[in-house]
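Trainee: First the structure, which I've put down as structure tokens, then a few questions once you've had a look.
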Amino acid sequence: MSLLEVRDLRVDIRLRKTVVHALDGVSFTVEAGETVGVVGESGCGKTMTAMSIERLLPPGGEIVDGEVIFDGRDLTGLTEHGMQEVRGGDIGMIFQDPMTSLNPVQTIGEQVAEPLLLHRGMTATQARADVIEMLRMVGIPHPEQRLSAYPHQLSGGQRQRVMIAMALICRPKLLIADEPTTALDVTVQKQILDLIDRLRAELGMAVVLITHDLGVIAGRADRVVVMYAGRVAETGETDMIFARPRHRYTEALFEALPERAAGTGERLYSIPGMPPDLLVRPHACPFAPRCRFATDQCRTEDPALRPARDGDPSHTYACFVPRTEPFPALEDAARDRPAATEERPSDDREWVAPTRFIPADGVPLLSVEGLVKDFPVTRGGLLRRRVGAVSAVADVSLDLQRGETLGLVGESGCGKTSLGRLVVGLDTPTGGRILFRGTPMRAHRRDAREERRNVQFMFQDAYASLDPRMRVRSILREPLEIQHVGTSRDRDRRVDELLADVGLPAGAAERYPFEFSGGQRQRIGLARALALQPALIVADEPVSALDVSVQAQVLNLMKQLQRERELTYLFISHDLSVVRYLSDVIAVMYLGKLVEIGPAAEVYGSPQHHYTRGLIDAIPIADPLAERGKAAAGVAGELPSPMDPPSGCRFRTRCPVAQDICARVEPPLQVGGGSEPTGLEAVPGAHRVACHFPLELTAASAASSLGPIRATRSAARRRADSAHDDTGHGE
């Protein structure tokens, strides 16, 4: 008997005047010790399925039919008291947003101990030892000290670990993880997923992993359930789903991955339209209105799940026009497609040429020279005194050409957002200067109105950055009114143009932000950034919380507008796959320092800094064989405190080849790396790295236009290699 069996589950949510058919006949099983991945777009029913299993439905929610058999019992028939014994005891759950799920007025120790008090009858004193052990098991440093900490005093990764500790403290038989790594950078994401895998093996529990990240599913799940419109569209073993997807929706999710178009210049495939609103139960294929292959049968008949003829009896799909040929692996697709410089063949996708508009005078649109930003740390009551400083940005220099996209990547806390805020004038630099078209910027001064028009900011959380009490028309008119642009009629006309530019209907102007989906709100944020026709847009994690299909729509829109308006982007992200697709140049930051910068293809394809290599190795690959074949990789350890950064190379405490010189001498950012000047620091567009012992430069880089760059490493680098080969780590 399966540990969990969901049978024909139907859930309705009764609103004041309508009924939403949230789940419509969902069925799947989970075996003991197995990980089942549930994927699909936002609104497809993933989270609602998890909430239905736990009987944590929203107001008006009701299970109208079906069964949820867990460990031999039907949970749909249990009383609320009976469910309280199951929740947190036999079934643990990791919620998507730990900051809103954790109680801000309770300590970490109290919250992790609560399930033991409720389900095991322990006292707070008895539970203390178990709480410390679990916090240590999930990787919280100094757990004894963290017991008295509050959620706001922890990093995002640590809060997620606390959520995992709460879910596992009673050693449940089943763990439901709802988007456990959505907003985390790739290194913390890998640590969390590795932790869940390890604890699954140690505790013998089953896992339901809910995510929109196909790369996460590829390396972690034994089986996959693809959901659409509250139904199961396709299910089967992970290897089979990724190699031979049958449903056209599953195929479309794979095609929308940015990895499949990286370096080609072509548009990402995006699924047209939006998922159905589920107010009316569909009597035909719910995906038909968005499907390229839909037939009259698809529009009039409802397909049932049928077994695939591929040797896997568990592989089923609900599609009248299934895909029949194998789906190419990412590496095969990359090998077979033409390079971006070649003439593109005609197909159903639009060719997007590279976008660079180098001015005749050679002056970059944006220059950052020796930029420093320290945030003071104070203590005391009324008479506060400075006790230190947080080094957010430390001597960063870079150039950005007109029409170019510079992707800025790094872990959370590395200084990416701080650098972006300095560029747009939201913060004042401690040192250094910012030049716009060769002229020093004064964006932090009140009289710098014209400069503010030229540089705009696109925020990470579109919903939080939009005033919920203002209609979209007022939101988009606001910058025009502040800058005294045109008459009232001109401003209304401009709002209509902006909505059309970002692909929203004119009627959207009279609606409030809460009436839009996440992708639509991000489009409104982009429209607001475009309102004053800026030359530069700083986009801070604009697609980090979007599912793959909506992400493709936003990225395509940004590229299209860049071509039409000759826009320049400073694109901040922790997702290197997205950065590789969108960027001409990639810059990597670590603890306030720029550690590597160069052409996107070189930095991503031939990284020279060990930190960059670790970030790339930590990226989940949407290919089960490639993902499982990766060695233990990533960046080990925790990010040091920016209040007390390490001496010399700031990365040395986590570097696998660190030597004594790394602690004594800060490596310069230069072509070829090393400690000695190369004389090539001023070469425009050069691939530069700040490392005493960089990784081997590729033959392509050695033969590039940089000329006399050394193709082999110095003796010092060879010594580092020798130490790494012999011991696996530096001295």
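A note on labels: chains of the structure tokens are A, B, ... as shown, every chain counts residues from 1, and ligands are counted from 1 in their shown order.
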Would you pick out the contacts of Leu530 in chain A at 8 Å or less, using only C-alpha atoms, so that residues sharing its chain but fewer than 3 positions from it are not included, and give the list as a list in words?
Mentor: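 After dropping sequence-adjacent residues, the list is Gln456, Leu498, Leu526, Ala527, Gln533 and Pro534 of chain A.
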Trainee: Residues near range 192-205 of chain A, anyone? I mean within 9 Å using only C-alpha atoms, not counting same-chain ones fewer than 4 positions away, as a PyMOL selection string.
Mentor: chain A and resi 32-35+137-139+157+160-161+164+168+171-175+180-181+187-188+216+220
Trainee: Per DSSP on the backbone, filter range 210-295 of chain A down to the residues in alpha helix (DSSP H) and report them as an MDAnalysis selection string.
Mentor: chainID A and resid 214:220 238:243 248:255
Trainee: May I have the selected residues written with N, CA and C atoms, as a CSV table (one decimal), in the first residue's frame?
Mentor:
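Heads up, here's the output in part-v4.csv:
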```csv
chain,number,residue,atom,x,y,z
A,214,LEU,N,12.0,23.4,-13.1
A,214,LEU,CA,12.2,22.1,-13.7
A,214,LEU,C,13.6,21.5,-13.4
A,215,GLY,N,14.6,22.4,-13.2
A,215,GLY,CA,15.9,21.9,-12.8
A,215,GLY,C,15.9,21.3,-11.5
A,216,VAL,N,15.2,21.9,-10.5
A,216,VAL,CA,15.1,21.3,-9.2
A,216,VAL,C,14.5,19.9,-9.2
A,217,ILE,N,13.4,19.8,-10.0
A,217,ILE,CA,12.7,18.5,-10.1
A,217,ILE,C,13.6,17.4,-10.8
A,218,ALA,N,14.4,17.8,-11.8
A,218,ALA,CA,15.2,16.9,-12.5
A,218,ALA,C,16.2,16.1,-11.6
A,219,GLY,N,16.8,16.8,-10.7
A,219,GLY,CA,17.8,16.2,-9.9
A,219,GLY,C,17.3,15.6,-8.5
A,220,ARG,N,16.1,15.9,-8.2
A,220,ARG,CA,15.6,15.5,-6.8
A,220,ARG,C,14.4,14.5,-6.8
A,238,THR,N,10.7,10.4,-13.5
A,238,THR,CA,11.3,11.7,-13.9
A,238,THR,C,12.1,11.5,-15.2
A,239,ASP,N,12.9,10.5,-15.3
A,239,ASP,CA,13.7,10.3,-16.5
A,239,ASP,C,12.8,10.2,-17.8
A,240,MET,N,11.7,9.6,-17.7
A,240,MET,CA,10.8,9.4,-18.8
A,240,MET,C,10.1,10.7,-19.2
A,241,ILE,N,9.7,11.5,-18.2
A,241,ILE,CA,9.0,12.8,-18.4
A,241,ILE,C,9.9,13.7,-19.1
A,242,PHE,N,11.2,13.8,-18.7
A,242,PHE,CA,12.1,14.7,-19.3
A,242,PHE,C,12.6,14.3,-20.6
A,243,ALA,N,12.7,13.0,-20.9
A,243,ALA,CA,13.2,12.5,-22.1
A,243,ALA,C,12.1,12.4,-23.2
A,248,ARG,N,1.4,18.3,-24.5
A,248,ARG,CA,1.9,19.5,-25.1
A,248,ARG,C,2.2,20.7,-24.1
A,249,TYR,N,1.5,20.6,-23.0
A,249,TYR,CA,1.8,21.6,-21.9
A,249,TYR,C,3.2,21.3,-21.3
A,250,THR,N,3.5,20.1,-21.0
A,250,THR,CA,4.8,19.7,-20.5
A,250,THR,C,5.9,20.1,-21.5
A,251,GLU,N,5.7,19.8,-22.8
A,251,GLU,CA,6.6,20.2,-23.8
A,251,GLU,C,6.8,21.7,-23.8
A,252,ALA,N,5.7,22.5,-23.7
A,252,ALA,CA,5.9,24.0,-23.7
A,252,ALA,C,6.7,24.5,-22.5
A,253,LEU,N,6.5,23.9,-21.3
A,253,LEU,CA,7.3,24.3,-20.1
A,253,LEU,C,8.8,24.1,-20.4
A,254,PHE,N,9.1,23.0,-21.0
A,254,PHE,CA,10.6,22.7,-21.3
A,254,PHE,C,11.1,23.7,-22.3
A,255,GLU,N,10.3,24.1,-23.3
A,255,GLU,CA,10.8,25.0,-24.4
A,255,GLU,C,10.9,26.4,-23.9
```
Trainee: Tell me which protein, DNA and RNA residues are within 9 Å of Pro104 in chain A, counting only C-alpha atoms, leaving out same-chain ones fewer than 4 positions away, and put them as a list of chain:residue names.
Mentor: A:Met99, A:Thr100, A:Tyr150, A:Pro151, A:His152
Trainee: At a cut-off of 6 Å, can you tabulate as a Markdown table every residue of range 166-284 of chain A near range 6-27 of chain A together with its closest atom pair and the distance in Å to one decimal, using only C-alpha atoms and ordering rows by chain then number?
Mentor:
```
| residue | atom | partner | partner_atom | distance |
| --- | --- | --- | --- | --- |
| A:Gly230 | CA | A:Leu23 | CA | 4.2 |
| A:Arg231 | CA | A:Val26 | CA | 5.5 |
| A:Val232 | CA | A:Val26 | CA | 5.9 |
| A:Leu278 | CA | A:His21 | CA | 5.4 |
| A:Leu279 | CA | A:Val20 | CA | 4.6 |
```
Trainee: Provide the CA of Pro276 in chain A to CA of Gly45 in chain A distance in Å, to one decimal place.
Mentor: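 According to the coordinates, CA of Pro276 in chain A and CA of Gly45 in chain A are separated by 11.5 Å.
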Trainee: In Å, with one decimal, what is the gap from CA of Arg494 in chain A to CA of Ile482 in chain A?
Mentor: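 Rounded to one decimal, the two atoms are 14.4 Å apart.
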Trainee: Could you pull the residues within 6 Å of range 642-648 of chain A, counting only C-alpha atoms, minus those fewer than 2 positions along the same chain, as a short mmCIF file (atom, residue, chain, number, x, y, z; two decimals) with N, CA and C atoms, in the first residue's frame?
Mentor:
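Produced file around_4.cif, reproduced below:
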```
data_model
loop_
_atom_site.label_atom_id
_atom_site.label_comp_id
_atom_site.auth_asym_id
_atom_site.auth_seq_id
_atom_site.Cartn_x
_atom_site.Cartn_y
_atom_site.Cartn_z
N ALA A 389 30.74 49.11 10.77
CA ALA A 389 30.13 49.42 9.48
C ALA A 389 29.97 48.13 8.68
N VAL A 390 28.90 48.08 7.90
CA VAL A 390 28.67 46.98 6.97
C VAL A 390 29.23 47.38 5.62
N SER A 391 30.19 46.60 5.14
CA SER A 391 30.82 46.88 3.84
C SER A 391 29.95 46.27 2.75
N ARG A 650 38.48 38.23 -0.10
CA ARG A 650 37.33 38.01 0.77
C ARG A 650 36.73 36.62 0.60
N CYS A 662 46.65 34.62 -0.16
CA CYS A 662 45.26 35.05 -0.27
C CYS A 662 44.81 35.80 0.99
N ALA A 663 45.41 35.47 2.14
CA ALA A 663 45.06 36.17 3.37
C ALA A 663 45.80 37.49 3.51
N ARG A 664 46.96 37.61 2.85
CA ARG A 664 47.80 38.80 3.01
C ARG A 664 47.58 39.85 1.94
N VAL A 665 47.30 39.42 0.70
CA VAL A 665 47.25 40.35 -0.42
C VAL A 665 45.90 40.25 -1.12
N GLU A 666 45.25 41.39 -1.31
CA GLU A 666 44.00 41.41 -2.05
C GLU A 666 44.29 41.32 -3.54
#
```
